[in-house]
file start.cif (mmCIF, C-alpha atoms and all ligand atoms)
data_upload
loop_
_atom_site.label_atom_id
_atom_site.label_comp_id
_atom_site.auth_asym_id
_atom_site.auth_seq_id
_atom_site.Cartn_x
_atom_site.Cartn_y
_atom_site.Cartn_z
CA MET A 161 -78.99 73.44 -155.99
CA PRO A 162 -82.03 71.21 -156.67
CA THR A 163 -82.47 67.95 -154.78
CA TRP A 164 -82.64 64.56 -156.51
CA TYR A 165 -86.43 64.47 -156.17
CA GLU A 166 -86.85 67.74 -158.05
CA SER A 167 -85.56 66.14 -161.27
CA GLN A 168 -88.13 65.35 -163.98
CA VAL A 169 -86.93 61.77 -164.54
CA ILE A 170 -87.60 60.91 -160.90
CA LYS A 171 -90.97 62.66 -161.03
CA ASP A 172 -91.95 60.52 -164.03
CA LEU A 173 -90.75 57.25 -162.52
CA MET A 174 -92.16 57.48 -159.02
CA PRO A 175 -95.86 56.96 -159.81
CA ILE A 176 -94.91 53.64 -161.46
CA LEU A 177 -92.94 52.55 -158.38
CA GLY A 178 -95.92 53.37 -156.19
CA ALA A 179 -98.14 50.72 -157.76
CA ARG A 180 -98.81 48.01 -155.19
CA ALA A 181 -97.73 45.28 -157.64
CA VAL A 182 -94.36 46.91 -158.22
CA ARG A 183 -93.90 47.48 -154.50
CA GLY A 184 -93.86 43.68 -154.20
CA ILE A 185 -90.37 43.82 -155.70
CA GLU A 186 -89.17 46.20 -153.05
CA THR A 187 -91.30 46.31 -149.94
CA ASN A 188 -88.97 46.88 -147.05
CA PHE A 189 -89.56 47.05 -143.35
CA PHE A 190 -87.24 49.24 -141.30
CA LEU A 191 -87.64 49.68 -137.59
CA SER A 192 -85.57 50.88 -134.66
CA ARG A 193 -85.16 48.71 -131.52
CA ILE A 194 -87.88 50.24 -129.37
CA TYR A 195 -87.77 50.18 -125.57
CA THR A 196 -90.95 51.43 -123.91
CA GLY A 197 -91.80 52.26 -120.32
CA LYS A 198 -90.07 52.81 -117.01
CA SER A 199 -87.39 50.15 -117.41
CA ALA A 200 -86.35 51.35 -120.88
CA LEU A 201 -83.41 53.51 -119.79
CA LEU A 202 -81.90 50.83 -117.63
CA LYS A 203 -82.27 48.14 -120.29
CA VAL A 204 -80.60 50.33 -122.90
CA ALA A 205 -77.80 51.26 -120.49
CA ARG A 206 -77.03 47.59 -119.88
CA TYR A 207 -77.16 46.89 -123.61
CA LEU A 208 -74.59 49.64 -124.28
CA GLU A 209 -72.41 48.49 -121.44
CA ALA A 210 -72.25 44.99 -122.88
CA GLY A 211 -71.68 46.14 -126.46
CA ILE A 212 -69.07 48.91 -126.11
CA ASN A 213 -65.68 48.58 -124.44
CA LYS A 214 -65.11 50.91 -121.52
CA GLU A 215 -62.41 53.02 -123.20
CA LYS A 216 -64.74 53.73 -126.12
CA ARG A 217 -67.79 54.76 -124.12
CA ARG A 218 -68.26 58.35 -125.29
CA ALA A 219 -71.68 59.78 -126.04
CA LEU A 220 -72.59 63.11 -127.58
CA ILE A 221 -76.00 64.20 -126.31
CA ILE A 222 -77.80 66.37 -128.86
CA THR A 223 -80.58 68.70 -127.69
CA ASP A 224 -82.02 72.14 -128.30
CA SER A 225 -82.01 74.86 -125.67
CA PHE A 226 -85.35 73.63 -124.31
CA THR A 227 -84.77 69.86 -124.22
CA LYS A 228 -81.35 70.30 -122.60
CA LYS A 229 -83.15 70.01 -119.26
CA PHE A 230 -83.91 66.33 -119.95
CA VAL A 231 -80.22 65.40 -119.81
CA LYS A 232 -80.61 64.99 -116.05
CA ASN A 233 -83.09 62.12 -116.69
CA ILE A 234 -80.36 59.99 -118.26
CA GLU A 235 -77.22 61.12 -116.42
CA GLU A 236 -77.61 58.54 -113.67
CA TYR A 237 -77.72 55.72 -116.23
CA LEU A 238 -74.71 57.03 -118.13
CA LYS A 239 -72.70 57.18 -114.90
CA LEU A 240 -73.84 53.67 -114.00
CA ILE A 241 -72.06 52.27 -117.04
CA ASP A 242 -69.05 54.66 -117.01
CA MET A 243 -70.17 56.41 -120.15
CA ASN A 244 -68.38 59.71 -120.79
CA TYR A 245 -70.61 62.31 -122.32
CA LYS A 246 -70.78 65.81 -123.67
CA VAL A 247 -73.91 67.86 -124.27
CA TRP A 248 -74.34 69.92 -127.44
CA SER A 249 -77.56 71.93 -127.34
CA GLY A 250 -77.19 73.88 -130.59
CA VAL A 251 -80.22 72.47 -132.43
CA LEU A 252 -82.50 75.12 -133.95
CA PRO A 253 -86.10 74.71 -135.17
CA GLU A 254 -86.48 73.44 -138.75
CA VAL A 255 -82.83 72.32 -138.87
CA PRO A 256 -81.05 75.10 -140.80
CA PHE A 257 -77.97 73.82 -142.67
CA PRO A 258 -75.30 75.64 -140.61
CA THR A 259 -76.35 73.85 -137.40
CA ILE A 260 -75.57 70.49 -139.01
CA ASP A 261 -72.00 71.58 -139.78
CA GLU A 262 -71.64 72.92 -136.26
CA GLY A 263 -72.74 69.60 -134.71
CA ALA A 264 -70.47 67.60 -137.01
CA LYS A 265 -67.55 69.78 -135.91
CA VAL A 266 -68.28 68.94 -132.27
CA CYS A 267 -68.17 65.25 -133.22
CA GLU A 268 -64.79 65.71 -134.94
CA GLU A 269 -63.38 67.14 -131.72
CA TYR A 270 -65.05 64.76 -129.27
CA ASN A 271 -65.04 61.56 -131.31
CA PRO A 272 -68.19 59.97 -129.82
CA LYS A 273 -69.22 56.36 -130.28
CA ILE A 274 -72.87 57.13 -129.57
CA LEU A 275 -75.21 59.96 -130.49
CA ILE A 276 -78.15 60.47 -128.12
CA ALA A 277 -80.83 62.78 -129.50
CA ILE A 278 -83.23 64.10 -126.87
CA GLY A 279 -86.06 66.23 -128.24
CA GLY A 280 -88.65 66.61 -130.95
CA GLY A 281 -88.40 66.25 -134.72
CA SER A 282 -85.80 68.98 -135.20
CA VAL A 283 -83.43 67.41 -132.69
CA MET A 284 -83.84 63.94 -134.20
CA ASP A 285 -83.38 65.20 -137.72
CA THR A 286 -80.34 67.29 -136.79
CA ALA A 287 -78.79 64.20 -135.16
CA LYS A 288 -79.41 62.14 -138.31
CA MET A 289 -77.75 64.77 -140.47
CA ILE A 290 -74.83 65.17 -138.05
CA LEU A 291 -74.35 61.42 -138.32
CA VAL A 292 -74.06 61.75 -142.12
CA LYS A 293 -71.81 64.85 -142.02
CA TYR A 294 -69.53 63.38 -139.37
CA GLU A 295 -69.16 60.01 -141.04
CA LYS A 296 -69.14 61.20 -144.65
CA PRO A 297 -68.21 64.89 -144.84
CA GLU A 298 -68.05 64.69 -148.63
CA GLN A 299 -71.67 63.48 -148.95
CA ASN A 300 -73.96 65.88 -150.80
CA LEU A 301 -77.12 66.01 -148.67
CA PHE A 302 -79.22 66.90 -151.72
CA MET A 303 -78.29 63.69 -153.47
CA ILE A 304 -78.94 61.02 -150.87
CA LEU A 305 -81.08 58.48 -152.68
CA PRO A 306 -83.37 56.20 -150.74
CA SER A 307 -83.24 52.49 -151.25
CA ILE A 308 -82.38 50.53 -154.42
CA GLY A 309 -78.69 49.86 -154.20
CA ALA A 310 -77.64 53.23 -152.83
CA ALA A 311 -75.95 52.43 -149.54
CA LEU A 312 -74.43 55.30 -147.59
CA GLY A 313 -72.03 53.25 -145.50
CA LEU A 314 -72.68 54.95 -142.18
CA ARG A 315 -71.91 53.55 -138.66
CA LYS A 316 -68.16 53.31 -139.19
CA LYS A 317 -67.56 55.88 -136.46
CA ILE A 318 -70.88 55.97 -134.61
CA LYS A 319 -72.11 52.63 -133.33
CA TYR A 320 -75.56 53.69 -132.17
CA LEU A 321 -77.85 56.60 -132.85
CA ILE A 322 -80.25 56.68 -129.89
CA ALA A 323 -83.49 58.64 -130.04
CA ILE A 324 -85.39 59.80 -126.97
CA PRO A 325 -88.47 61.73 -128.11
CA THR A 326 -89.87 64.48 -125.92
CA THR A 327 -92.93 65.08 -128.08
CA ALA A 328 -95.57 62.62 -129.25
CA GLY A 329 -96.11 63.23 -132.92
CA THR A 330 -93.26 63.69 -135.34
CA GLY A 331 -92.17 60.09 -134.92
CA SER A 332 -88.82 61.04 -136.39
CA GLU A 333 -87.28 58.44 -134.08
CA VAL A 334 -88.57 55.62 -136.28
CA ALA A 335 -88.52 57.46 -139.60
CA THR A 336 -85.95 56.98 -142.33
CA ALA A 337 -86.50 60.62 -143.29
CA ALA A 338 -85.10 63.88 -141.99
CA LEU A 339 -86.59 67.29 -142.69
CA ILE A 340 -84.03 70.04 -142.93
CA THR A 341 -84.06 73.62 -144.19
CA ASP A 342 -82.02 74.87 -147.11
CA THR A 343 -81.26 78.37 -145.89
CA SER A 344 -79.59 79.33 -149.18
CA ARG A 345 -82.98 79.58 -150.91
CA ASP A 346 -85.23 82.58 -150.55
CA PRO A 347 -87.54 81.95 -148.80
CA PRO A 348 -85.77 79.01 -147.14
CA LYS A 349 -87.08 75.64 -148.34
CA LYS A 350 -87.72 72.42 -146.45
CA ILE A 351 -85.77 69.52 -147.86
CA GLU A 352 -86.53 65.87 -147.20
CA VAL A 353 -83.57 63.55 -146.92
CA VAL A 354 -84.65 59.91 -146.98
CA HIS A 355 -82.47 56.87 -146.40
CA GLU A 356 -82.84 53.77 -144.26
CA GLU A 357 -79.40 54.33 -142.72
CA LEU A 358 -80.74 57.49 -141.08
CA LEU A 359 -83.04 55.43 -138.89
CA ALA A 360 -82.19 55.56 -135.19
CA ASP A 361 -80.75 52.26 -133.93
CA ILE A 362 -82.44 52.50 -130.55
CA THR A 363 -85.58 54.38 -129.54
CA ILE A 364 -86.56 54.99 -125.93
CA LEU A 365 -90.24 55.73 -125.31
CA ASP A 366 -90.42 56.81 -121.70
CA PRO A 367 -93.62 58.79 -120.94
CA GLU A 368 -91.71 60.83 -118.31
CA PHE A 369 -90.11 62.76 -121.20
CA ILE A 370 -93.49 63.90 -122.53
CA LYS A 371 -95.25 64.34 -119.20
CA ASP A 372 -95.12 68.15 -119.26
CA LEU A 373 -95.79 68.68 -122.95
CA PRO A 374 -97.98 71.82 -123.09
CA PRO A 375 -101.54 71.55 -124.48
CA PHE A 376 -100.75 73.24 -127.82
CA LEU A 377 -97.86 70.88 -128.57
CA THR A 378 -99.88 67.88 -127.37
CA MET A 379 -102.57 68.82 -129.86
CA ALA A 380 -100.31 69.80 -132.77
CA THR A 381 -98.02 66.79 -132.53
CA GLY A 382 -100.95 64.43 -131.98
CA LEU A 383 -102.67 65.78 -135.09
CA ASP A 384 -99.43 65.32 -137.01
CA ALA A 385 -99.55 61.64 -136.01
CA LEU A 386 -103.16 61.44 -137.20
CA ALA A 387 -102.14 63.03 -140.51
CA HIS A 388 -99.36 60.45 -140.86
CA ALA A 389 -101.60 57.47 -140.22
CA MET A 390 -104.63 58.61 -142.23
CA GLY A 391 -102.66 60.19 -145.06
CA SER A 392 -100.57 57.09 -145.47
CA PHE A 393 -103.45 54.61 -145.15
CA THR A 394 -105.13 56.31 -148.10
CA THR A 395 -102.13 56.07 -150.46
CA ASN A 396 -101.10 53.19 -152.69
CA TRP A 397 -97.68 52.85 -151.07
CA GLY A 398 -98.79 50.68 -148.19
CA ASN A 399 -98.88 46.96 -147.57
CA PRO A 400 -100.62 44.80 -144.96
CA TYR A 401 -98.02 45.60 -142.26
CA PHE A 402 -98.65 49.31 -142.46
CA ASP A 403 -102.38 49.03 -143.11
CA ALA A 404 -102.69 47.19 -139.80
CA THR A 405 -100.53 49.58 -137.79
CA ASN A 406 -102.10 52.67 -139.37
CA LYS A 407 -105.63 51.52 -138.56
CA ALA A 408 -104.70 50.72 -134.96
CA THR A 409 -102.94 54.06 -134.69
CA ILE A 410 -105.96 56.04 -135.89
CA GLN A 411 -108.14 54.24 -133.34
CA GLU A 412 -105.69 55.06 -130.56
CA ILE A 413 -105.48 58.73 -131.51
CA ILE A 414 -109.26 59.15 -131.74
CA LYS A 415 -109.52 57.67 -128.26
CA TYR A 416 -106.54 59.17 -126.44
CA LEU A 417 -105.62 62.50 -128.05
CA PRO A 418 -108.63 64.38 -126.59
CA ARG A 419 -107.77 63.03 -123.13
CA SER A 420 -104.07 63.74 -123.46
CA TYR A 421 -104.85 67.29 -124.68
CA LYS A 422 -107.35 67.96 -121.91
CA TYR A 423 -105.62 66.41 -118.90
CA GLY A 424 -101.94 66.54 -119.89
CA GLY A 425 -99.57 64.94 -117.36
CA ARG A 426 -102.50 64.12 -115.04
CA ASP A 427 -103.51 61.34 -117.45
CA MET A 428 -100.32 59.37 -118.00
CA GLU A 429 -102.28 56.48 -119.49
CA ALA A 430 -103.42 58.71 -122.36
CA ARG A 431 -99.91 60.21 -122.62
CA SER A 432 -98.36 56.77 -122.93
CA HIS A 433 -100.88 55.63 -125.54
CA MET A 434 -100.24 58.78 -127.60
CA GLN A 435 -96.50 58.20 -127.38
CA VAL A 436 -96.81 54.70 -128.81
CA ALA A 437 -99.44 55.79 -131.37
CA SER A 438 -97.28 58.58 -132.73
CA THR A 439 -94.32 56.27 -133.05
CA LEU A 440 -96.46 53.75 -134.90
CA ALA A 441 -97.87 56.50 -137.12
CA ALA A 442 -94.42 57.55 -138.20
CA PHE A 443 -93.35 53.98 -138.70
CA GLY A 444 -96.40 53.43 -140.93
CA SER A 445 -95.85 56.59 -142.95
CA TYR A 446 -92.53 58.41 -143.08
CA GLY A 447 -90.67 55.43 -141.72
CA ASN A 448 -91.51 53.04 -144.47
CA GLN A 449 -93.87 54.50 -147.00
CA ALA A 450 -95.53 57.84 -147.79
CA PRO A 451 -97.71 60.15 -145.73
CA GLY A 452 -99.94 61.46 -148.55
CA ILE A 453 -100.14 64.84 -150.26
CA ASN A 454 -101.53 66.61 -147.20
CA HIS A 455 -97.91 66.58 -146.04
CA ALA A 456 -96.76 68.27 -149.28
CA LEU A 457 -99.52 70.88 -148.86
CA GLY A 458 -98.69 71.32 -145.18
CA HIS A 459 -94.92 71.56 -145.71
CA SER A 460 -95.39 74.35 -148.23
CA PHE A 461 -98.02 76.21 -146.21
CA GLY A 462 -96.14 75.79 -142.93
CA LYS A 463 -92.91 77.13 -144.35
CA ILE A 464 -94.42 80.15 -146.12
CA PHE A 465 -96.71 81.22 -143.24
CA SER A 466 -94.65 79.92 -140.29
CA ILE A 467 -97.33 77.51 -139.09
CA HIS A 468 -96.52 74.55 -136.81
CA HIS A 469 -95.98 71.39 -138.86
CA GLY A 470 -98.72 69.39 -137.10
CA ILE A 471 -101.29 72.16 -137.51
CA ALA A 472 -100.41 72.62 -141.18
CA VAL A 473 -100.51 68.96 -142.23
CA SER A 474 -103.69 68.15 -140.30
CA LEU A 475 -105.41 71.23 -141.71
CA PHE A 476 -104.85 69.80 -145.19
CA LEU A 477 -105.62 66.18 -144.26
CA SER A 478 -109.28 66.24 -145.31
CA TYR A 479 -108.45 67.96 -148.62
CA GLY A 480 -105.78 65.38 -149.42
CA ILE A 481 -108.17 62.50 -148.69
CA THR A 482 -111.03 64.01 -150.72
CA PHE A 483 -108.71 64.69 -153.64
CA LYS A 484 -107.59 61.03 -153.61
CA ALA A 485 -111.15 59.77 -153.19
CA LYS A 486 -111.68 60.27 -156.95
CA VAL A 487 -109.40 57.29 -157.59
CA THR A 488 -109.55 55.12 -154.47
CA GLU A 489 -112.06 53.76 -151.99
CA ARG A 490 -109.51 53.23 -149.23
CA TRP A 491 -111.05 55.98 -147.10
CA MET A 492 -114.16 53.78 -146.73
CA GLN A 493 -112.22 51.32 -144.58
CA LEU A 494 -111.68 54.08 -142.03
CA CYS A 495 -115.37 54.98 -141.66
CA PRO A 496 -116.09 52.44 -138.84
CA ILE A 497 -113.33 54.01 -136.72
CA PHE A 498 -115.32 57.24 -136.81
CA GLY A 499 -118.51 55.35 -135.96
CA LEU A 500 -119.93 55.68 -139.48
CA THR A 501 -121.80 53.06 -141.45
CA LEU A 502 -121.96 53.06 -145.23
CA GLU A 503 -125.35 51.36 -145.54
CA ASN A 504 -128.19 53.08 -147.38
CA LYS A 505 -126.05 56.02 -148.37
CA SER A 506 -124.63 57.13 -151.68
CA ARG A 507 -120.85 57.20 -152.05
CA ASP A 508 -120.90 61.00 -152.10
CA GLU A 509 -122.97 61.22 -148.93
CA SER A 510 -120.66 58.78 -147.15
CA LEU A 511 -117.55 60.69 -148.19
CA LYS A 512 -119.04 63.99 -147.02
CA GLU A 513 -120.05 62.43 -143.72
CA PHE A 514 -116.59 60.93 -143.28
CA ILE A 515 -114.85 64.24 -143.97
CA HIS A 516 -117.30 66.02 -141.66
CA SER A 517 -116.46 63.56 -138.84
CA LEU A 518 -112.75 63.98 -139.41
CA LYS A 519 -113.04 67.77 -139.27
CA ASN A 520 -115.18 67.53 -136.14
CA PHE A 521 -112.51 65.45 -134.46
CA ILE A 522 -109.82 68.01 -135.33
CA HIS A 523 -112.09 70.81 -134.02
CA SER A 524 -112.65 68.83 -130.81
CA VAL A 525 -109.00 69.39 -129.92
CA ASP A 526 -109.08 73.00 -131.18
CA GLY A 527 -107.27 72.32 -134.46
CA PRO A 528 -108.19 74.37 -137.55
CA THR A 529 -109.46 72.76 -140.76
CA CYS A 530 -109.40 75.82 -143.00
CA VAL A 531 -106.91 78.65 -143.39
CA LYS A 532 -109.21 81.49 -142.42
CA ASP A 533 -109.87 79.87 -139.02
CA ILE A 534 -106.22 79.87 -137.94
CA LYS A 535 -105.97 82.17 -134.95
CA GLU A 536 -102.22 82.50 -134.56
CA PRO A 537 -100.84 83.94 -136.78
CA LYS A 538 -103.92 85.45 -138.39
CA ILE A 539 -103.59 85.28 -142.18
CA SER A 540 -105.51 87.76 -144.34
CA LYS A 541 -107.30 86.54 -147.46
CA GLU A 542 -105.30 88.99 -149.56
CA GLU A 543 -101.97 87.77 -148.21
CA TYR A 544 -102.93 84.12 -148.65
CA PHE A 545 -104.12 84.42 -152.23
CA GLY A 546 -101.15 86.65 -153.02
CA LYS A 547 -98.86 83.74 -152.21
CA ILE A 548 -100.89 80.97 -153.79
CA ASP A 549 -98.53 80.46 -156.75
CA LYS A 550 -95.59 80.04 -154.39
CA LEU A 551 -97.65 77.66 -152.24
CA ALA A 552 -98.47 75.51 -155.27
CA ASP A 553 -94.88 75.61 -156.52
CA TYR A 554 -93.43 74.49 -153.17
CA ALA A 555 -96.02 71.73 -152.77
CA MET A 556 -95.38 70.49 -156.31
CA ASN A 557 -91.64 70.29 -155.67
CA ASP A 558 -92.02 68.57 -152.30
CA ALA A 559 -90.70 64.99 -152.12
CA VAL A 560 -94.06 63.72 -150.85
CA THR A 561 -95.69 64.78 -154.14
CA LEU A 562 -93.79 62.00 -155.87
CA THR A 563 -95.92 59.48 -154.02
CA SER A 564 -99.30 61.07 -154.75
CA TYR A 565 -101.92 58.37 -155.29
CA ARG A 566 -103.63 60.50 -157.92
CA PRO A 567 -101.59 62.38 -160.55
CA ILE A 568 -101.27 65.98 -159.51
CA ASN A 569 -99.88 69.17 -161.00
CA GLU A 570 -99.33 72.75 -159.93
CA GLU A 571 -102.74 73.88 -161.16
CA LEU A 572 -104.50 71.25 -159.03
CA TYR A 573 -102.40 72.20 -156.01
CA ARG A 574 -103.39 75.84 -156.53
CA LYS A 575 -107.04 74.81 -156.59
CA ILE A 576 -106.72 72.78 -153.39
CA PHE A 577 -105.11 75.76 -151.67
CA GLU A 578 -107.97 77.97 -152.88
CA TYR A 579 -110.59 75.58 -151.50
CA ALA A 580 -108.74 75.32 -148.19
CA TRP A 581 -109.21 79.03 -147.50
CA ASP A 582 -112.74 78.59 -146.18
CA GLY A 583 -113.09 74.82 -146.05
CA GLU A 584 -114.83 74.21 -149.36
CA PHE A 585 -115.43 70.54 -150.20
CA ILE A 586 -113.07 69.30 -152.95
CA ASP A 587 -115.32 68.56 -155.96
CA PHE A 588 -112.75 68.05 -158.72
FE FE A 601 -95.54 65.03 -140.15
#
call {"tool": "encode", "arguments": {"input": "start.cif", "output": "structure tokens", "more": "lines below"}}
Ligand SMILES: [Fe+2]
result
Amino acid sequence: MPTWYESQVIKDLMPILGARAVRGIETNFFLSRIYTGKSALLKVARYLEAGINKEKRRALIITDSFTKKFVKNIEEYLKLIDMNYKVWSGVLPEVPFPTIDEGAKVCEEYNPKILIAIGGGSVMDTAKMILVKYEKPEQNLFMILPSIGAALGLRKKIKYLIAIPTTAGTGSEVATAALITDTSRDPPKKIEVVHEELLADITILDPEFIKDLPPFLTMATGLDALAHAMGSFTTNWGNPYFDATNKATIQEIIKYLPRSYKYGGRDMEARSHMQVASTLAAFGSYGNQAPGINHALGHSFGKIFSIHHGIAVSLFLSYGITFKAKVTERWMQLCPIFGLTLENKSRDESLKEFIHSLKNFIHSVDGPTCVKDIKEPKISKEEYFGKIDKLADYAMNDAVTLTSYRPINEELYRKIFEYAWDGEFIDF
């Protein structure tokens, strides 16, 4: 079954809605209550204690098999306020449909008042979908429409959805979107579900939860955050709120990601800055506007070749920005962050220099910027070009494509994929 955003009417209407003038009619601002730092858990515990009667204090803790170990970090606080709890650790990567039904069934049996999601993007997104399935079992997930008069009516059973991220990058905790996988398609396809009621009510940013994030995940999730902030800054869906946060976020990532990648838990200052930056990046992109077509390219590529989301979307970041540069100068505002001046240079020279600096930064944390340089898994040229039609088709039908700053079609997507094989500069 196609999703709402795969219909032609929606595809035709979205570019009009993306115009900054039209966005003045509907420019919303959705954000979770965010508690940061060492006192966050205690403050939230006291908040729950005051807001929920003792007999109704039941929390379902949602994790995957890896993040289950973090339950011990919050147990003490749950006991402090007499909160009953149950742990369900059935989340799987990429959120396949059957896991959502399974989690909703656990809710039916346990009847929780609170959902606590501890983990990365998949855990957060599973929790959001469980919330929908539990509260509205009849809701068709393919037809959840964001915004404009389409309320879902959630929070009749669940009072709070609480997000505790254990990665610094996806920012799903402050995003109104959830990425899930339709396993009935072959190959399975990523589906974006977007609605403001999916937003977590409370987010806890405690650096202890990301202290031991391994170097690869530090790099991949940090680059995802960079792709959110830069991709979204260079679209026409923003407004001054998000322009400001996205610029600050890019500065933070340029400064702290290399440190966080290199020193890990030995540099908690960098860890903490990356945690806040990634949350801001998501807030300024998926949370409230659009992350740019590098996310459509990356979603398609990541799914077909099983590449980590952060690696895939950051690989395509420079191509997305160069493609948009034909119709916007917004990238120029980011040059100073990379230490570049625009004086005495042609526009073309400046753009090339900017893209070069961006790629250098990604290389500095061992991220790839072209397909042939990916080390794991190694993709052969033959295999890649053999799947290029599918890549273009998936990217074209990705929800993010609806918000492309510059009109795009399957042929142009195919061309971008071709150029991305060996890092050719987009010249069309
Ligand atoms: Fe992302």
call {"tool": "residues_around", "arguments": {"input": "start.cif", "residues": "Phe577 of chain A", "least_positions_apart": "6", "cutoff": "8 Å", "atoms": "only C-alpha atoms", "output": "list in words"}}
result
Leu457, Ile548, Leu551 and Ala552 of chain A
call {"tool": "write_last_selection", "arguments": {"input": "start.cif", "atoms": "C-alpha atoms", "output": "mmCIF file, in the frame of the given file"}}
result
data_model
loop_
_atom_site.group_PDB
_atom_site.id
_atom_site.type_symbol
_atom_site.label_atom_id
_atom_site.label_comp_id
_atom_site.auth_asym_id
_atom_site.auth_seq_id
_atom_site.Cartn_x
_atom_site.Cartn_y
_atom_site.Cartn_z
ATOM 1 C CA LEU A 457 -99.520 70.880 -148.860
ATOM 2 C CA ILE A 548 -100.890 80.970 -153.790
ATOM 3 C CA LEU A 551 -97.650 77.660 -152.240
ATOM 4 C CA ALA A 552 -98.470 75.510 -155.270
#
call {"tool": "residues_near_ligand", "arguments": {"input": "start.cif", "ligand": "ligand FE 601 (chain A)", "cutoff": "7 Å", "atoms": "all atoms listed in the file", "output": "PyMOL selection string"}}
result
chain A and resi 330+384-385+387-388+455+469-470+473
call {"tool": "closest_residue", "arguments": {"input": "start.cif", "among": "A:Val334, A:Ile241, A:Ala311, A:Ala430", "to": "His355 of chain A", "atoms": "all atoms listed in the file"}}
result
A:Ala311
call {"tool": "atom_distance", "arguments": {"input": "start.cif", "atom1": "atom CA of Ala335 of chain A", "atom2": "atom CA of Ser192 of chain A"}}
result
8.7 Å
call {"tool": "residues_around", "arguments": {"input": "start.cif", "residues": "Ser199 of chain A", "least_positions_apart": "3", "cutoff": "12 Å", "atoms": "all atoms listed in the file", "output": "number ranges by chain"}}
result
A: 194-196, 202-206, 237, 364-368
call {"tool": "closest_atom_pairs", "arguments": {"input": "start.cif", "of": "segment 398-468 of chain A", "to": "segment 248-260 of chain A", "cutoff": "12 Å", "atoms": "all atoms listed in the file", "output": "CSV"}}
result
residue,atom,partner,partner_atom,distance
A:His459,CA,A:Glu254,CA,11.1
A:Gly462,CA,A:Glu254,CA,10.8
A:Lys463,CA,A:Glu254,CA,9.3
A:Ser466,CA,A:Glu254,CA,10.5
A:Ile467,CA,A:Glu254,CA,11.6
A:His468,CA,A:Glu254,CA,10.3
call {"tool": "closest_residue", "arguments": {"input": "start.cif", "among": "A:Asn233, A:Pro375, A:Ile464, A:Ile290", "to": "Tyr421 of chain A", "atoms": "all atoms listed in the file"}}
result
A:Pro375
call {"tool": "atom_distance", "arguments": {"input": "start.cif", "atom1": "atom CA of Ile539 of chain A", "atom2": "atom CA of Lys519 of chain A"}}
result
20.1 Å
call {"tool": "axis_aligned_box", "arguments": {"input": "start.cif", "around": "segment 547-565 of chain A", "padding_each_side": "3 Å", "output": "lines of an AutoDock Vina configuration file"}}
result
center_x = -96.3
center_y = 71.1
center_z = -153.8
size_x = 17.2
size_y = 31.4
size_z = 11.9
call {"tool": "closest_residue", "arguments": {"input": "start.cif", "among": "A:Ser432, A:Gln411, A:Asp261, A:Gly444", "to": "Cys495 of chain A", "atoms": "only C-alpha atoms"}}
result
A:Gln411
call {"tool": "residues_near_point", "arguments": {"input": "start.cif", "point": "(-72.5, 57.3, -117.6)", "cutoff": "12 Å", "atoms": "all atoms listed in the file", "output": "JSON, numbers by chain"}}
result
{"A": [201, 202, 204, 205, 206, 208, 209, 214, 217, 218, 219, 220, 221, 231, 232, 233, 234, 235, 236, 237, 238, 239, 240, 241, 242, 243, 244, 245, 246, 274]}
call {"tool": "closest_residue", "arguments": {"input": "start.cif", "among": "A:Asp361, A:Glu352, A:Glu489, A:Glu269", "to": "Ala323 of chain A", "atoms": "all atoms listed in the file"}}
result
A:Asp361
call {"tool": "residues_around", "arguments": {"input": "start.cif", "residues": "Tyr579 of chain A", "least_positions_apart": "2", "cutoff": "12 Å", "atoms": "all atoms listed in the file", "output": "MDAnalysis selection string"}}
result
chainID A and resid 475:476 478:480 482:483 529:532 544:545 548 572:577 581:588
call {"tool": "residues_around", "arguments": {"input": "start.cif", "residues": "Trp164 of chain A", "least_positions_apart": "3", "cutoff": "12 Å", "atoms": "all atoms listed in the file", "output": "list in words"}}
result
Met161, Ser167, Gln168, Val169, Ile170, Lys171, Asn300, Leu301, Phe302, Met303, Ile304, Leu305, Pro306, Ile351, Glu352, Val353, Val354, Asn557, Asp558, Ala559 and Leu562 of chain A
call {"tool": "residues_near_point", "arguments": {"input": "start.cif", "point": "(-96.2, 50.4, -137.3)", "cutoff": "6 Å", "atoms": "all atoms listed in the file", "output": "list in words"}}
result
Phe402, Thr405, Leu440, Phe443 and Gly444 of chain A
